[in-house]
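Novice: Input structure: model-v5.cif, which contains mmCIF, C-alpha atoms.
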data_model
loop_
_atom_site.label_atom_id
_atom_site.label_comp_id
_atom_site.auth_asym_id
_atom_site.auth_seq_id
_atom_site.Cartn_x
_atom_site.Cartn_y
_atom_site.Cartn_z
CA MET P 72 78.88 118.45 129.15
CA PRO P 73 81.74 120.77 130.17
CA LYS P 74 85.15 119.13 130.39
CA TYR P 75 86.18 120.90 133.63
CA ASP P 76 84.37 121.63 136.86
CA VAL P 77 86.46 124.76 137.46
CA ALA P 78 88.88 126.77 135.31
CA ILE P 79 91.23 129.01 137.30
CA SER P 80 92.12 132.37 135.74
CA PHE P 81 95.05 134.13 137.40
CA ALA P 82 98.11 136.31 136.86
CA GLY P 83 101.53 134.69 137.02
CA GLU P 84 102.44 136.68 140.12
CA ASP P 85 99.51 135.01 141.93
CA ARG P 86 100.55 131.46 141.01
CA PRO P 87 101.26 130.37 144.62
CA VAL P 88 97.61 131.03 145.53
CA ALA P 89 96.33 129.42 142.30
CA LYS P 90 98.50 126.35 142.85
CA GLN P 91 97.26 125.87 146.42
CA LEU P 92 93.65 126.23 145.33
CA ALA P 93 94.08 123.85 142.39
CA ALA P 94 95.61 121.12 144.56
CA SER P 95 92.88 121.48 147.19
CA LEU P 96 90.13 121.41 144.56
CA VAL P 97 91.58 118.26 143.00
CA LEU P 98 91.71 116.54 146.38
CA THR P 99 88.04 117.42 146.80
CA GLY P 100 87.36 115.43 143.64
CA LEU P 101 86.86 118.31 141.20
CA ASN P 102 88.30 118.36 137.71
CA VAL P 103 90.33 121.56 137.46
CA PHE P 104 91.85 123.49 134.58
CA TYR P 105 95.16 124.76 135.94
CA ASP P 106 97.92 125.30 133.39
CA GLU P 107 100.59 123.25 135.19
CA TYR P 108 98.29 120.19 135.02
CA GLU P 109 97.84 120.67 131.27
CA GLN P 110 101.39 121.19 130.01
CA ALA P 111 101.43 118.17 127.71
CA ASP P 112 98.01 119.01 126.29
CA LEU P 113 98.90 122.68 125.75
CA TRP P 114 102.20 121.91 124.00
CA GLY P 115 102.02 123.05 120.38
CA LYS P 116 98.45 124.41 120.54
CA ASP P 117 97.34 127.87 119.50
CA LEU P 118 96.95 129.08 123.07
CA TYR P 119 94.87 132.13 122.15
CA THR P 120 92.19 129.95 120.57
CA HIS P 121 92.49 127.04 123.00
CA LEU P 122 92.26 129.14 126.17
CA SER P 123 89.32 131.06 124.76
CA LYS P 124 87.51 127.74 124.34
CA VAL P 125 88.41 126.57 127.85
CA TYR P 126 87.14 129.73 129.56
CA LYS P 127 84.10 130.19 127.31
CA ASP P 128 82.84 126.67 126.61
CA GLU P 129 84.59 123.90 128.54
CA SER P 130 84.12 124.75 132.23
CA LYS P 131 81.20 124.80 134.63
CA TYR P 132 82.68 127.78 136.48
CA CYS P 133 85.56 130.22 136.11
CA LEU P 134 87.40 131.00 139.35
CA MET P 135 88.90 134.45 138.77
CA LEU P 136 91.71 135.53 141.11
CA ILE P 137 91.32 139.30 141.20
CA SER P 138 94.44 141.31 142.02
CA GLU P 139 96.47 144.29 140.84
CA HIS P 140 98.49 141.89 138.67
CA TYR P 141 95.36 140.38 137.09
CA ALA P 142 94.20 143.80 136.00
CA LYS P 143 97.42 144.51 134.07
CA LYS P 144 98.08 141.28 132.14
CA GLN P 145 97.24 140.66 128.49
CA TRP P 146 96.52 136.95 128.92
CA THR P 147 94.24 137.41 131.91
CA ASN P 148 92.38 140.07 129.94
CA HIS P 149 91.84 137.51 127.16
CA GLU P 150 90.62 134.86 129.63
CA ARG P 151 88.31 137.39 131.31
CA LYS P 152 86.67 138.38 128.03
CA ALA P 153 86.06 134.73 127.12
CA ALA P 154 84.55 134.04 130.54
CA GLN P 155 82.38 137.17 130.37
CA ALA P 156 81.05 136.10 126.96
CA ARG P 157 79.91 132.83 128.54
CA ALA P 158 78.37 134.58 131.56
CA PHE P 159 76.52 137.02 129.29
CA ALA P 160 75.19 134.22 127.07
CA GLU P 161 73.87 132.20 130.02
CA SER P 162 72.83 135.08 132.30
CA SER P 163 74.12 133.08 135.26
CA GLU P 164 76.86 133.21 137.88
CA TYR P 165 79.56 131.59 135.75
CA ILE P 166 82.40 133.88 136.95
CA LEU P 167 83.25 133.37 140.63
CA PRO P 168 85.51 136.26 141.74
CA LEU P 169 88.05 135.61 144.48
CA ARG P 170 89.64 138.82 145.70
CA LEU P 171 93.31 138.86 146.63
CA ASP P 172 93.25 142.64 147.04
CA ASP P 173 90.89 145.57 146.32
CA SER P 174 91.75 146.07 142.64
CA GLU P 175 89.00 146.90 140.15
CA ILE P 176 88.63 144.66 137.09
CA GLU P 177 86.93 145.88 133.93
CA GLY P 178 83.59 144.17 133.44
CA VAL P 179 83.41 142.73 136.97
CA LEU P 180 80.82 144.85 138.71
CA GLY P 181 81.32 145.92 142.29
CA THR P 182 77.89 144.46 143.05
CA THR P 183 78.97 140.96 142.02
CA GLY P 184 79.14 138.55 144.94
CA TYR P 185 82.68 137.49 145.72
CA LEU P 186 84.87 135.77 148.32
CA ASP P 187 87.97 137.43 149.76
CA ILE P 188 90.99 135.25 150.49
CA ARG P 189 91.94 137.68 153.24
CA GLN P 190 88.74 136.76 155.07
CA PHE P 191 88.14 133.10 154.15
CA PRO P 192 90.56 130.17 154.51
CA VAL P 193 91.33 128.09 151.42
CA GLU P 194 89.34 125.17 152.86
CA LYS P 195 86.17 127.31 153.01
CA ILE P 196 86.68 128.59 149.46
CA VAL P 197 87.13 125.04 148.16
CA GLU P 198 84.09 123.82 150.07
CA SER P 199 81.97 126.62 148.59
CA LEU P 200 83.15 125.79 145.08
CA ALA P 201 82.36 122.10 145.56
CA ILE P 202 78.82 123.05 146.62
CA LYS P 203 78.48 125.18 143.47
CA VAL P 204 79.61 122.34 141.22
CA ARG P 205 77.28 119.81 142.83
CA ALA P 206 74.37 122.22 142.42
CA TYR P 207 75.33 122.66 138.75
CA ASN P 208 75.39 118.90 138.23
CA LYS P 209 72.00 118.47 139.86
CA ALA P 210 70.45 121.30 137.84
CA HIS P 211 71.79 119.86 134.58
CA GLY P 212 70.93 116.23 135.31
CA ILE P 213 74.56 115.12 135.46
CA VAL P 214 74.66 111.76 137.26
CA PHE P 215 77.74 109.59 137.88
CA GLU P 216 77.74 105.81 138.26
CA THR P 217 78.97 104.13 141.41
CA VAL P 218 82.21 102.24 140.70
CA ARG P 219 83.22 99.93 143.55
CA VAL P 220 86.71 98.62 144.20
CA GLN P 221 85.50 95.18 143.11
CA ASP P 222 84.46 96.67 139.74
CA VAL P 223 87.88 98.26 139.23
CA PHE P 224 89.68 94.96 139.78
CA ARG P 225 87.28 92.93 137.67
CA LYS P 226 87.81 95.29 134.74
CA GLU P 227 91.50 94.39 134.98
CA LYS P 228 90.64 90.65 134.84
CA ILE P 229 91.48 90.13 138.51
CA GLN P 230 89.02 87.55 139.78
CA VAL P 231 87.63 88.97 142.99
CA ARG P 232 84.21 87.91 144.27
CA ASP P 233 83.03 91.21 145.73
CA ASP P 234 84.06 93.98 148.11
CA GLY P 235 84.27 91.38 150.87
CA ASP P 236 87.64 90.33 149.45
CA PHE P 237 89.10 93.71 150.53
CA ARG P 238 89.92 94.45 154.16
CA THR P 239 91.15 97.60 155.91
CA THR P 240 91.23 99.23 159.36
CA CYS P 241 89.76 102.59 160.28
CA PRO P 242 92.53 104.87 161.64
CA ALA P 243 90.01 106.60 163.93
CA CYS P 244 88.23 103.75 165.74
CA HIS P 245 90.69 100.96 164.78
CA SER P 246 87.80 98.82 163.61
CA GLU P 247 88.86 96.18 161.07
CA GLN P 248 86.29 95.77 158.32
CA THR P 249 85.77 94.57 154.77
CA LEU P 250 84.72 97.09 152.14
CA ASP P 251 81.28 95.50 151.85
CA GLU P 252 80.80 96.34 155.55
CA ALA P 253 81.83 99.99 155.03
CA LYS P 254 79.25 102.61 154.10
CA ILE P 255 79.34 103.74 150.48
CA LEU P 256 78.22 107.00 148.88
CA GLN P 257 78.63 108.88 145.61
CA GLU P 258 80.26 112.33 145.45
CA ASP P 259 80.05 113.43 141.84
CA ALA P 260 82.47 111.18 139.92
CA GLU P 261 83.98 109.66 143.07
CA THR P 262 82.82 106.55 144.93
CA VAL P 263 83.58 106.95 148.64
CA TYR P 264 83.81 104.25 151.32
CA THR P 265 83.47 105.43 154.92
CA CYS P 266 83.97 103.55 158.17
CA LYS P 267 81.01 101.33 159.12
CA ASN P 268 80.90 103.29 162.40
CA GLY P 269 80.71 106.63 160.57
CA CYS P 270 84.19 107.81 161.63
CA GLN P 271 85.83 108.92 158.38
CA ARG P 272 86.59 108.11 154.77
CA LEU P 273 88.56 104.95 154.17
CA VAL P 274 88.80 104.49 150.40
CA VAL P 275 87.99 106.75 147.43
CA VAL P 276 87.67 105.51 143.83
CA SER P 277 88.23 108.22 141.19
CA PRO P 278 88.11 107.86 137.39
CA ARG P 279 91.45 108.36 135.69
CA GLY P 280 91.35 111.41 133.43
CA LYS P 281 88.41 112.94 135.31
CA THR P 282 90.78 114.25 137.95
CA LYS P 283 94.35 115.36 137.25
CA TRP P 284 96.20 114.59 140.46
CA PRO P 285 99.04 116.93 141.40
CA ALA P 286 102.44 115.23 141.48
CA MET P 287 100.93 111.79 140.91
CA PRO P 288 103.83 109.35 140.44
CA ASP P 289 103.56 106.18 138.38
CA ARG P 290 103.13 103.28 140.79
CA PRO P 291 102.30 99.59 140.32
CA ALA P 292 98.67 98.73 141.02
CA TRP P 293 99.70 96.70 144.08
CA LYS P 294 102.82 95.50 145.87
CA GLU P 295 103.73 92.27 147.64
CA ASP P 296 106.94 93.39 149.30
CA GLY P 297 105.19 95.60 151.85
CA ALA P 298 107.29 98.65 150.97
CA GLY P 299 105.16 101.72 151.54
CA PRO P 300 104.93 104.70 149.19
CA GLY P 301 106.37 108.11 149.96
CA LEU P 302 104.67 110.73 152.09
CA GLY P 303 103.44 112.70 149.10
CA PHE P 304 101.81 109.69 147.46
CA VAL P 305 98.04 109.99 147.08
CA GLY P 306 96.84 106.77 145.44
CA TYR P 307 97.21 103.81 143.09
CA GLY P 308 96.46 103.73 139.40
CA VAL P 309 94.49 100.58 138.53
CA GLY P 310 93.32 100.53 134.92
CA ASP P 311 91.01 103.46 134.31
CA TYR P 312 90.81 104.45 137.99
CA PHE P 313 92.73 105.73 140.99
CA ILE P 314 92.24 104.09 144.37
CA ARG P 315 93.06 106.24 147.40
CA ASN P 316 93.22 104.26 150.63
CA VAL P 317 93.95 106.00 153.92
CA GLY P 318 94.85 102.71 155.65
CA ASP P 319 96.53 99.54 154.42
CA LEU P 320 94.19 97.68 152.06
CA LEU P 321 94.51 93.89 151.82
CA PHE P 322 92.79 91.75 149.24
CA LYS P 323 92.64 87.96 148.94
CA THR P 324 90.51 85.61 146.88
CA ASP P 325 89.96 81.87 147.18
CA LEU P 326 92.48 81.36 144.38
CA MET P 327 95.28 83.25 146.15
CA ALA P 328 97.74 81.63 148.55
CA ARG P 329 98.17 84.84 150.51
CA ALA P 330 96.79 88.35 150.69
CA VAL P 331 98.22 91.17 148.59
CA LEU P 332 98.89 94.54 150.20
CA LEU P 333 98.15 98.02 148.91
CA PRO P 334 100.01 100.09 151.51
CA ALA P 335 98.26 103.13 152.92
CA SER P 336 98.43 106.31 150.85
CA PRO P 337 99.63 108.87 153.43
CA ALA P 338 98.24 111.83 151.46
CA ALA P 339 95.07 110.10 150.25
CA LEU P 340 92.78 112.33 152.31
CA MET P 341 95.11 115.32 152.47
CA LYS P 342 92.24 117.79 152.46
CA LYS P 343 91.28 116.49 155.93
#
Could the structure of this file be written out as structure tokens, please?

Specialist:
Amino acid sequence: MPKYDVAISFAGEDRPVAKQLAASLVLTGLNVFYDEYEQADLWGKDLYTHLSKVYKDESKYCLMLISEHYAKKQWTNHERKAAQARAFAESSEYILPLRLDDSEIEGVLGTTGYLDIRQFPVEKIVESLAIKVRAYNKAHGIVFETVRVQDVFRKEKIQVRDDGDFRTTCPACHSEQTLDEAKILQEDAETVYTCKNGCQRLVVVSPRGKTKWPAMPDRPAWKEDGAGPGLGFVGYGVGDYFIRNVGDLLFKTDLMARAVLLPASPAALMKK
């Protein structure tokens, strides 16, 4: 199975666009190859060989940012050839062109379907890519298991009974509810809790390593002093998972004298 949902190929001059797209894709729950997220992994590697493997073998799709700069760069030319080899081998729409201007790119036919960032907002581009990835997963029989908050805590030897030990409040309807009252669904690798009244997402559980969160600081799994995280904070690392809670999340078991607070993650649902 490919390591990445999307690999972004871009020229350095177009990094601001690539960075915005990468962050939005990550917040949608996709696993993205974007060089700034991979600095430690890339350190010391033969980049010519490694990047060829990423763009040819390790991604479900290649998002190619087409521009006058892309057409002129040696590294983007290398990435393009690797991606085109994959597309040719599979005879499928592996390369997803995103036009930043009207430049022509060798090997990318004018008849190839594309999106134009001058016509579509980033949110629409990200939504379209997410639909592509989900269709790929369905076609290839890729199924992800549901991992509840209770499962995450139990794996860390924290004795909770079930999702009923966790309580939060919906910011939209102000309805207080336990997580076993909330609706639950699976979006690829992410387990999503939504308000029992259907208002909005409340909590998202994401596997660590599946998604490389932008600017994710190291935080304790929970806090008892009530001090909230900063505005850019998007979740808590608990064992092998990240928990993103849009409202304060309290948990208490029969063995605990008082509830423990996971303060709201202000940027948990940033894409909304």

Novice: Using all atoms listed in the file, tabulate the residues of segment 160-268 of chain P lying at most 8 Å from any atom of segment 81-99 of chain P, each with its closest atom pair and that distance in Å to one decimal, by chain and increasing residue number, as JSON lines.

Specialist:
{"residue": "P:Val193", "atom": "CA", "partner": "P:Leu92", "partner_atom": "CA", "distance": 6.8}
{"residue": "P:Glu194", "atom": "CA", "partner": "P:Ser95", "partner_atom": "CA", "distance": 7.6}
{"residue": "P:Val197", "atom": "CA", "partner": "P:Leu96", "partner_atom": "CA", "distance": 5.9}
{"residue": "P:Ala201", "atom": "CA", "partner": "P:Thr99", "partner_atom": "CA", "distance": 7.5}

Novice: Just checking: using only C-alpha atoms, which residue out of P:Leu250, P:Val179, P:Leu118, P:Leu167 ends up closest to Val274 of chain P?

Specialist: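 With only C-alpha atoms as the atom set, the closest residue is P:Leu250.
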
Novice: Would you please work out which residue, of P:Trp146, P:Phe215, P:Trp114, P:Phe104, is nearest to Lys131 of chain P when using only C-alpha atoms?

Specialist: P:Phe104

Novice: What is the distance between atom CA of Leu200 of chain P and atom CA of Thr265 of chain P, in Å to one decimal?

Specialist: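 Result for atom CA of Leu200 of chain P versus atom CA of Thr265 of chain P: 22.6 Å, one decimal.
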
Novice: When you draw a straight line from atom CA of Tyr108 of chain P to atom CA of Glu129 of chain P, how long is it in Å?

Specialist: 15.6 Å
